[in-house]
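To start, the structure under review is shown below, and the notes come after it.
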Amino acid sequence: MRASAFVYPWDVVGDPDAARRIADLGVEQVTLASAYHSTRALTPRHPRHRIVAARHSAVYYPADPARWEGRRPRPYAQEWVEGDDPYGEAAASLADAGLEVHSWVILAHNTRLGAEHPGLTVRNAYGDRYPWAPCIARGEVRAYAASLAAEAAVRPGARGVELESCGWYGLGHLSAHDKTGGVRLGGAGQYLMSLCFCPDCEAGYAAHGAEPERLRRAVTGALEPLWAGERTDAAGGRAEEWEEVGKLLGPELAGAAAGWRDQVASAFRNEVVGAVRKAAEAQRIEGFRVLLHADPAPHRCGANVGVDPAGVLALADGVVLPCTGDGAEREAVLTPFGPHRTPSTVLAANFTVVEGMGGRPAALAEDAAHARELGADELRLYHAGLASDADLAAVRAALAGLG
């Protein structure tokens, strides 16, 4: 199975041994961040630092002034990695080590954008804004995302791109000193707290047959027993989550909300992927691959956005799917895509290989073999820069055993 490791530019820039160390894992490819959200990252082997604080969402290459002249929102420059083009420097070093480089682009997740343009963000049924979640129903957000994707994806030397959060973002978000776990929200509760009630979304619900205020009251009414401790979300898989939403809102309102959100998400992905393909064609890059980080349940939102398997495989070259969970979870994620794949479709199983972040690097060979039985033909390993030496040794052994 072809394998790719996720990498940040700061893992490589300033570390002359990084590229060779990654290549020696046995991977053929790296997925290198070119546009990424804010984070605080450990760098356990870097000769100059141990922590990188990426204070806000940023691009790791010099943005084209002509593309962004007079536009709002626009990408933010970074200040925490040396050089004018840390993506380009890292990509060149990785390519010199024999690795194929694909770019890694984050789209509908940008807290600085939301803080500076609050009117462009998701607004929940209570009126609270989510600054980390630009609302993809807004024309300004769609235009920004398409331009960002085209520029950040088709970097010099890149052979493809993986688009993360290419759809709806919602409540789920790792925030500093997070205090949102006091009430346990399952999949249904997360969905209800992620429904957007900005003016564009309210108009969209109405066009799909749901009077916005009626839907808002249904959402807050369904959530009230959770706040009071009178009900917990029913446990279950993706199908059970959506059944619970239908029970809580009623099939009419649930269907109208889903109809609008599915329509928006599909249009958003079409615009973004179309912009990337146009950019690759303009640079005459043959075989440029476009993959989406995805989940087969359309109501899911976040980094792995909910998609219709048939629709997304008709648009993109493949998907990257979260497979770190148990065998049943892995099966639930992978098998819905099988009937819709073509001989060239990529189904990449994404495994966290950092034990301290919940990964199982020691079980990678077994887990990867199971994913292959379920139809996966590639691996993604999260994350070569964050993992300990022991984690990387386990990855190296597993990949050697897989052949």
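Quick note on naming: the chains in the structure tokens go A, B, ... in the order shown, residues restart at 1 in each chain, and ligands are numbered from 1 in order of appearance.
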Check stretch 255-337 of chain A with DSSP on the backbone and list each residue it calls helix (DSSP H, G or I), as a VMD selection string.
chain A and resid 255 to 282 309 to 315 327 to 337
List the spatial neighbours of A:Pro225 as a PDB file with all heavy atoms, in the first residue's frame - criterion: any atom at most 12 Å away, only C-alpha atoms, same-chain residues fewer than 3 positions off excluded.
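In the end it all went to selection_31.pdb:
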```pdb
ATOM      1  N   VAL A 183     -21.577  19.045  29.189  1.00  0.00           N
ATOM      2  CA  VAL A 183     -22.760  18.311  28.726  1.00  0.00           C
ATOM      3  C   VAL A 183     -22.313  17.451  27.556  1.00  0.00           C
ATOM      4  O   VAL A 183     -21.761  17.958  26.582  1.00  0.00           O
ATOM      5  CB  VAL A 183     -23.883  19.267  28.295  1.00  0.00           C
ATOM      6  CG1 VAL A 183     -25.043  18.489  27.689  1.00  0.00           C
ATOM      7  CG2 VAL A 183     -24.363  20.095  29.487  1.00  0.00           C
ATOM      8  N   ARG A 184     -22.547  16.170  27.656  1.00  0.00           N
ATOM      9  CA  ARG A 184     -22.081  15.251  26.616  1.00  0.00           C
ATOM     10  C   ARG A 184     -23.005  15.322  25.404  1.00  0.00           C
ATOM     11  O   ARG A 184     -24.189  14.991  25.488  1.00  0.00           O
ATOM     12  CB  ARG A 184     -22.027  13.828  27.162  1.00  0.00           C
ATOM     13  CG  ARG A 184     -21.320  12.849  26.221  1.00  0.00           C
ATOM     14  CD  ARG A 184     -21.240  11.460  26.845  1.00  0.00           C
ATOM     15  NE  ARG A 184     -20.487  11.479  28.083  1.00  0.00           N
ATOM     16  CZ  ARG A 184     -19.162  11.434  28.141  1.00  0.00           C
ATOM     17  NH1 ARG A 184     -18.447  11.396  27.032  1.00  0.00           N
ATOM     18  NH2 ARG A 184     -18.540  11.439  29.307  1.00  0.00           N
ATOM     19  N   LEU A 185     -22.444  15.781  24.291  1.00  0.00           N
ATOM     20  CA  LEU A 185     -23.193  15.865  23.042  1.00  0.00           C
ATOM     21  C   LEU A 185     -22.750  14.736  22.126  1.00  0.00           C
ATOM     22  O   LEU A 185     -21.569  14.626  21.793  1.00  0.00           O
ATOM     23  CB  LEU A 185     -22.947  17.203  22.348  1.00  0.00           C
ATOM     24  CG  LEU A 185     -23.464  18.462  23.043  1.00  0.00           C
ATOM     25  CD1 LEU A 185     -22.999  19.695  22.275  1.00  0.00           C
ATOM     26  CD2 LEU A 185     -24.977  18.442  23.139  1.00  0.00           C
ATOM     27  N   GLY A 189     -26.594  15.834  18.841  1.00  0.00           N
ATOM     28  CA  GLY A 189     -26.422  17.121  19.498  1.00  0.00           C
ATOM     29  C   GLY A 189     -25.387  17.992  18.812  1.00  0.00           C
ATOM     30  O   GLY A 189     -25.557  19.209  18.674  1.00  0.00           O
ATOM     31  N   VAL A 219     -34.873  23.286  17.077  1.00  0.00           N
ATOM     32  CA  VAL A 219     -33.501  22.965  17.466  1.00  0.00           C
ATOM     33  C   VAL A 219     -33.278  23.256  18.947  1.00  0.00           C
ATOM     34  O   VAL A 219     -32.782  22.404  19.701  1.00  0.00           O
ATOM     35  CB  VAL A 219     -32.491  23.755  16.600  1.00  0.00           C
ATOM     36  CG1 VAL A 219     -31.076  23.628  17.170  1.00  0.00           C
ATOM     37  CG2 VAL A 219     -32.522  23.253  15.163  1.00  0.00           C
ATOM     38  N   THR A 220     -33.645  24.444  19.399  1.00  0.00           N
ATOM     39  CA  THR A 220     -33.420  24.780  20.808  1.00  0.00           C
ATOM     40  C   THR A 220     -34.287  23.922  21.718  1.00  0.00           C
ATOM     41  O   THR A 220     -33.862  23.541  22.815  1.00  0.00           O
ATOM     42  CB  THR A 220     -33.680  26.271  21.058  1.00  0.00           C
ATOM     43  OG1 THR A 220     -35.026  26.600  20.668  1.00  0.00           O
ATOM     44  CG2 THR A 220     -32.691  27.127  20.271  1.00  0.00           C
ATOM     45  N   GLY A 221     -35.492  23.585  21.263  1.00  0.00           N
ATOM     46  CA  GLY A 221     -36.347  22.705  22.058  1.00  0.00           C
ATOM     47  C   GLY A 221     -35.779  21.309  22.178  1.00  0.00           C
ATOM     48  O   GLY A 221     -35.846  20.680  23.246  1.00  0.00           O
ATOM     49  N   ALA A 222     -35.176  20.811  21.113  1.00  0.00           N
ATOM     50  CA  ALA A 222     -34.581  19.477  21.147  1.00  0.00           C
ATOM     51  C   ALA A 222     -33.345  19.440  22.039  1.00  0.00           C
ATOM     52  O   ALA A 222     -33.040  18.411  22.643  1.00  0.00           O
ATOM     53  CB  ALA A 222     -34.229  19.032  19.726  1.00  0.00           C
ATOM     54  N   ALA A 228     -30.588  20.375  30.581  1.00  0.00           N
ATOM     55  CA  ALA A 228     -31.200  20.109  31.882  1.00  0.00           C
ATOM     56  C   ALA A 228     -30.774  18.774  32.476  1.00  0.00           C
ATOM     57  O   ALA A 228     -31.127  18.466  33.616  1.00  0.00           O
ATOM     58  CB  ALA A 228     -32.718  20.153  31.744  1.00  0.00           C
ATOM     59  N   GLY A 229     -30.043  17.978  31.724  1.00  0.00           N
ATOM     60  CA  GLY A 229     -29.629  16.666  32.203  1.00  0.00           C
ATOM     61  C   GLY A 229     -30.731  15.640  32.195  1.00  0.00           C
ATOM     62  O   GLY A 229     -30.634  14.607  32.858  1.00  0.00           O
ATOM     63  N   GLU A 230     -31.781  15.898  31.420  1.00  0.00           N
ATOM     64  CA  GLU A 230     -32.931  15.000  31.379  1.00  0.00           C
ATOM     65  C   GLU A 230     -32.814  13.961  30.269  1.00  0.00           C
ATOM     66  O   GLU A 230     -33.611  13.032  30.204  1.00  0.00           O
ATOM     67  CB  GLU A 230     -34.215  15.811  31.172  1.00  0.00           C
ATOM     68  CG  GLU A 230     -34.494  16.781  32.316  1.00  0.00           C
ATOM     69  CD  GLU A 230     -35.613  17.755  31.976  1.00  0.00           C
ATOM     70  OE1 GLU A 230     -36.114  17.699  30.827  1.00  0.00           O
ATOM     71  OE2 GLU A 230     -35.966  18.576  32.844  1.00  0.00           O
ATOM     72  N   ARG A 231     -31.842  14.144  29.374  1.00  0.00           N
ATOM     73  CA  ARG A 231     -31.680  13.229  28.248  1.00  0.00           C
ATOM     74  C   ARG A 231     -30.226  13.234  27.842  1.00  0.00           C
ATOM     75  O   ARG A 231     -29.527  14.239  27.956  1.00  0.00           O
ATOM     76  CB  ARG A 231     -32.552  13.666  27.064  1.00  0.00           C
ATOM     77  CG  ARG A 231     -32.418  12.784  25.831  1.00  0.00           C
ATOM     78  CD  ARG A 231     -33.360  13.231  24.711  1.00  0.00           C
ATOM     79  NE  ARG A 231     -33.066  14.557  24.210  1.00  0.00           N
ATOM     80  CZ  ARG A 231     -32.114  14.840  23.316  1.00  0.00           C
ATOM     81  NH1 ARG A 231     -31.354  13.872  22.843  1.00  0.00           N
ATOM     82  NH2 ARG A 231     -31.912  16.069  22.903  1.00  0.00           N
ATOM     83  N   THR A 232     -29.741  12.107  27.364  1.00  0.00           N
ATOM     84  CA  THR A 232     -28.432  12.031  26.738  1.00  0.00           C
ATOM     85  C   THR A 232     -28.630  11.590  25.303  1.00  0.00           C
ATOM     86  O   THR A 232     -29.604  10.902  24.967  1.00  0.00           O
ATOM     87  CB  THR A 232     -27.513  11.023  27.461  1.00  0.00           C
ATOM     88  OG1 THR A 232     -28.151   9.736  27.464  1.00  0.00           O
ATOM     89  CG2 THR A 232     -27.256  11.466  28.891  1.00  0.00           C
ATOM     90  N   ASP A 233     -27.712  12.011  24.449  1.00  0.00           N
ATOM     91  CA  ASP A 233     -27.794  11.588  23.053  1.00  0.00           C
ATOM     92  C   ASP A 233     -27.701  10.076  22.954  1.00  0.00           C
ATOM     93  O   ASP A 233     -26.871   9.445  23.622  1.00  0.00           O
ATOM     94  CB  ASP A 233     -26.650  12.204  22.250  1.00  0.00           C
ATOM     95  CG  ASP A 233     -27.062  13.515  21.599  1.00  0.00           C
ATOM     96  OD1 ASP A 233     -28.221  13.907  21.760  1.00  0.00           O
ATOM     97  OD2 ASP A 233     -26.212  14.133  20.938  1.00  0.00           O
ATOM     98  N   LEU A 248     -35.901  14.153  16.647  1.00  0.00           N
ATOM     99  CA  LEU A 248     -35.885  15.383  17.428  1.00  0.00           C
ATOM    100  C   LEU A 248     -36.510  16.554  16.685  1.00  0.00           C
ATOM    101  O   LEU A 248     -37.223  17.371  17.280  1.00  0.00           O
ATOM    102  CB  LEU A 248     -34.452  15.733  17.831  1.00  0.00           C
ATOM    103  CG  LEU A 248     -33.779  14.769  18.806  1.00  0.00           C
ATOM    104  CD1 LEU A 248     -32.301  15.087  18.941  1.00  0.00           C
ATOM    105  CD2 LEU A 248     -34.467  14.827  20.168  1.00  0.00           C
TER     106      LEU A 248
END
```
List as a list in words the protein and nucleic acid residues near A:Ala280, meaning an atom at most 10 Å away when only C-alpha atoms are counted, but skip any in the same chain fewer than 4 places from it.
Ala150, Glu151, Ala153, Val154, Arg155, Ala158, Arg159, Gly160, Gly274, Ala275, Val276, Arg284, Ile285, Glu286, Gly287, Phe288 and Arg289 of chain A
Can you work out which one of A:His49, A:Arg21, A:Arg2, A:Arg67 has the shortest atom-to-atom distance to A:Ala349, counting only C-alpha atoms?
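Selected residue with least distance to A:Ala349: A:Arg2.
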Would you please give, as a ChimeraX atom specification, all residues of stretch 253-388 of chain A that DSSP assigns to strand (DSSP E or B) based on the backbone?
/A:289-295,305-306,318-322,346-352,378-382
For the residues in the current selection, export N, CA, C and O atoms as a tab-separated table (two decimals), in the first residue's frame.
```tsv
chain	number	residue	atom	x	y	z
A	289	ARG	N	-3.51	15.12	-8.57
A	289	ARG	CA	-4.57	14.43	-7.84
A	289	ARG	C	-5.23	15.36	-6.82
A	289	ARG	O	-4.55	16.06	-6.08
A	290	VAL	N	-6.54	15.29	-6.76
A	290	VAL	CA	-7.31	16.07	-5.79
A	290	VAL	C	-8.06	15.10	-4.90
A	290	VAL	O	-8.96	14.38	-5.35
A	291	LEU	N	-7.69	15.05	-3.61
A	291	LEU	CA	-8.36	14.20	-2.63
A	291	LEU	C	-9.02	15.07	-1.58
A	291	LEU	O	-8.54	16.16	-1.26
A	292	LEU	N	-10.13	14.58	-1.02
A	292	LEU	CA	-10.84	15.28	0.03
A	292	LEU	C	-10.82	14.47	1.32
A	292	LEU	O	-11.07	13.26	1.29
A	293	HIS	N	-10.56	15.12	2.44
A	293	HIS	CA	-10.74	14.49	3.75
A	293	HIS	C	-12.24	14.43	4.00
A	293	HIS	O	-12.92	15.47	3.95
A	294	ALA	N	-12.78	13.24	4.26
A	294	ALA	CA	-14.22	13.08	4.20
A	294	ALA	C	-14.73	12.05	5.19
A	294	ALA	O	-13.96	11.27	5.78
A	295	ASP	N	-16.05	12.06	5.35
A	295	ASP	CA	-16.79	11.09	6.16
A	295	ASP	C	-18.03	10.71	5.36
A	295	ASP	O	-18.65	11.58	4.74
A	305	VAL	N	-15.23	16.25	6.39
A	305	VAL	CA	-16.59	16.72	6.15
A	305	VAL	C	-17.49	15.59	5.66
A	305	VAL	O	-17.06	14.67	4.98
A	306	GLY	N	-18.75	15.68	6.01
A	306	GLY	CA	-19.72	14.71	5.54
A	306	GLY	C	-19.97	14.87	4.05
A	306	GLY	O	-20.14	15.98	3.55
A	318	GLY	N	-10.39	10.96	-5.14
A	318	GLY	CA	-10.47	10.03	-4.03
A	318	GLY	C	-10.70	10.75	-2.73
A	318	GLY	O	-10.93	11.97	-2.70
A	319	VAL	N	-10.65	10.00	-1.65
A	319	VAL	CA	-10.92	10.54	-0.32
A	319	VAL	C	-9.89	10.01	0.68
A	319	VAL	O	-9.30	8.95	0.49
A	320	VAL	N	-9.69	10.80	1.73
A	320	VAL	CA	-8.88	10.41	2.87
A	320	VAL	C	-9.83	10.24	4.04
A	320	VAL	O	-10.56	11.17	4.39
A	321	LEU	N	-9.86	9.04	4.64
A	321	LEU	CA	-10.90	8.69	5.60
A	321	LEU	C	-10.32	8.36	6.97
A	321	LEU	O	-9.30	7.67	7.07
A	322	PRO	N	-10.95	8.84	8.05
A	322	PRO	CA	-10.44	8.59	9.40
A	322	PRO	C	-10.63	7.13	9.79
A	322	PRO	O	-11.75	6.64	9.91
A	346	VAL	N	-8.81	6.73	-5.38
A	346	VAL	CA	-7.96	6.54	-4.21
A	346	VAL	C	-8.85	6.51	-2.96
A	346	VAL	O	-9.63	7.44	-2.72
A	347	LEU	N	-8.76	5.43	-2.20
A	347	LEU	CA	-9.36	5.36	-0.87
A	347	LEU	C	-8.20	5.25	0.12
A	347	LEU	O	-7.61	4.19	0.27
A	348	ALA	N	-7.89	6.36	0.77
A	348	ALA	CA	-6.74	6.41	1.67
A	348	ALA	C	-7.23	6.31	3.11
A	348	ALA	O	-8.06	7.11	3.55
A	349	ALA	N	-6.72	5.33	3.83
A	349	ALA	CA	-7.06	5.13	5.24
A	349	ALA	C	-6.08	5.95	6.08
A	349	ALA	O	-4.87	5.75	6.02
A	350	ASN	N	-6.64	6.87	6.86
A	350	ASN	CA	-5.83	7.78	7.66
A	350	ASN	C	-5.73	7.27	9.10
A	350	ASN	O	-6.75	7.11	9.78
A	351	PHE	N	-4.51	7.01	9.55
A	351	PHE	CA	-4.27	6.51	10.89
A	351	PHE	C	-3.43	7.49	11.70
A	351	PHE	O	-2.38	7.96	11.22
A	352	THR	N	-3.89	7.81	12.89
A	352	THR	CA	-3.05	8.54	13.83
A	352	THR	C	-1.98	7.59	14.34
A	352	THR	O	-2.29	6.51	14.84
A	378	GLU	N	-4.42	3.06	-0.11
A	378	GLU	CA	-3.32	3.90	0.34
A	378	GLU	C	-3.45	4.15	1.83
A	378	GLU	O	-4.53	3.99	2.41
A	379	LEU	N	-2.34	4.58	2.44
A	379	LEU	CA	-2.31	4.92	3.86
A	379	LEU	C	-1.94	6.38	4.03
A	379	LEU	O	-1.15	6.93	3.25
A	380	ARG	N	-2.49	7.02	5.06
A	380	ARG	CA	-2.04	8.32	5.51
A	380	ARG	C	-1.65	8.18	6.98
A	380	ARG	O	-2.40	7.55	7.76
A	381	LEU	N	-0.53	8.77	7.33
A	381	LEU	CA	0.01	8.62	8.67
A	381	LEU	C	0.12	9.99	9.32
A	381	LEU	O	0.86	10.87	8.86
A	382	TYR	N	-0.64	10.16	10.40
A	382	TYR	CA	-0.68	11.43	11.11
A	382	TYR	C	0.02	11.26	12.47
A	382	TYR	O	-0.53	10.56	13.33
```
Looking at only C-alpha atoms, which of A:Ala332, A:Val122, A:His383, A:Leu192 is the one that sits closest to A:Gly356?
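Checking each candidate against A:Gly356, we get A:His383 as the closest.
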Excluding A:Trp260 and residues on its chain fewer than 2 positions from it, collect all residues at most 10 Å away from it, counting only C-alpha atoms, and give them as a ChimeraX atom specification.
/A:137,201-210,255-258,262-265
Nearest residue to A:Arg372 out of A:Ala390, A:Val101, A:Cys323, A:Ala18, using only C-alpha atoms?
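Of all the options, A:Cys323 lies closest to A:Arg372.
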Nearest to A:His299: which of A:Asp17, A:Glu244, A:Asp391, A:Asp367 is it, counting only C-alpha atoms?
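Nearest to A:His299: A:Glu244.
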Residues within 12 Å of A:Gly83, only C-alpha atoms, excluding chain neighbours under 2 positions, as number ranges by chain:
A: 9-10, 13-14, 60-62, 77-81, 85-90
Tell me which of A:Asp389, A:Glu164, A:Asp11, A:Asp24 sits closest to A:His37, counting only C-alpha atoms.
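Once distances to A:His37 are computed over only C-alpha atoms, the minimum belongs to A:Glu164.
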Selected residue of minimal separation from A:Tyr126 among A:Ala41, A:Ala254, A:Leu195, A:Ala362, counting only C-alpha atoms:
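Checking each candidate against A:Tyr126, we get A:Leu195 as the closest.
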Produce a table with one row for each residue of stretch 137-236 of chain A that has an atom at most 6 Å from any atom of stretch 105-111 of chain A, each row naming the nearest atom pair and its distance in Å at one decimal; use only C-alpha atoms; arrange rows by chain and rising residue number; format as CSV.
```
residue,atom,partner,partner_atom,distance
A:Ala145,CA,A:Leu107,CA,5.9
A:Leu163,CA,A:Val105,CA,5.1
A:Glu164,CA,A:Ile106,CA,4.9
A:Ser165,CA,A:Ala108,CA,5.4
A:Cys166,CA,A:Leu107,CA,5.8
```
Save out the residues we just selected, N, CA, C and O atoms, as an mmCIF file, in the first residue's frame.
```
data_model
loop_
_atom_site.group_PDB
_atom_site.id
_atom_site.type_symbol
_atom_site.label_atom_id
_atom_site.label_comp_id
_atom_site.auth_asym_id
_atom_site.auth_seq_id
_atom_site.Cartn_x
_atom_site.Cartn_y
_atom_site.Cartn_z
ATOM 1 N N ALA A 145 -12.342 30.635 -0.506
ATOM 2 C CA ALA A 145 -11.887 29.247 -0.429
ATOM 3 C C ALA A 145 -11.431 28.730 -1.786
ATOM 4 O O ALA A 145 -10.420 28.017 -1.879
ATOM 5 N N LEU A 163 -7.513 18.249 0.434
ATOM 6 C CA LEU A 163 -8.320 19.360 0.929
ATOM 7 C C LEU A 163 -9.037 18.931 2.199
ATOM 8 O O LEU A 163 -9.845 18.003 2.178
ATOM 9 N N GLU A 164 -8.731 19.607 3.294
ATOM 10 C CA GLU A 164 -9.365 19.322 4.584
ATOM 11 C C GLU A 164 -10.398 20.401 4.890
ATOM 12 O O GLU A 164 -10.255 21.540 4.452
ATOM 13 N N SER A 165 -11.431 20.041 5.626
ATOM 14 C CA SER A 165 -12.550 20.935 5.966
ATOM 15 C C SER A 165 -13.112 21.595 4.704
ATOM 16 O O SER A 165 -13.387 22.786 4.679
ATOM 17 N N CYS A 166 -13.299 20.787 3.678
ATOM 18 C CA CYS A 166 -13.860 21.271 2.409
ATOM 19 C C CYS A 166 -15.376 21.093 2.446
ATOM 20 O O CYS A 166 -15.958 20.293 1.696
#
```
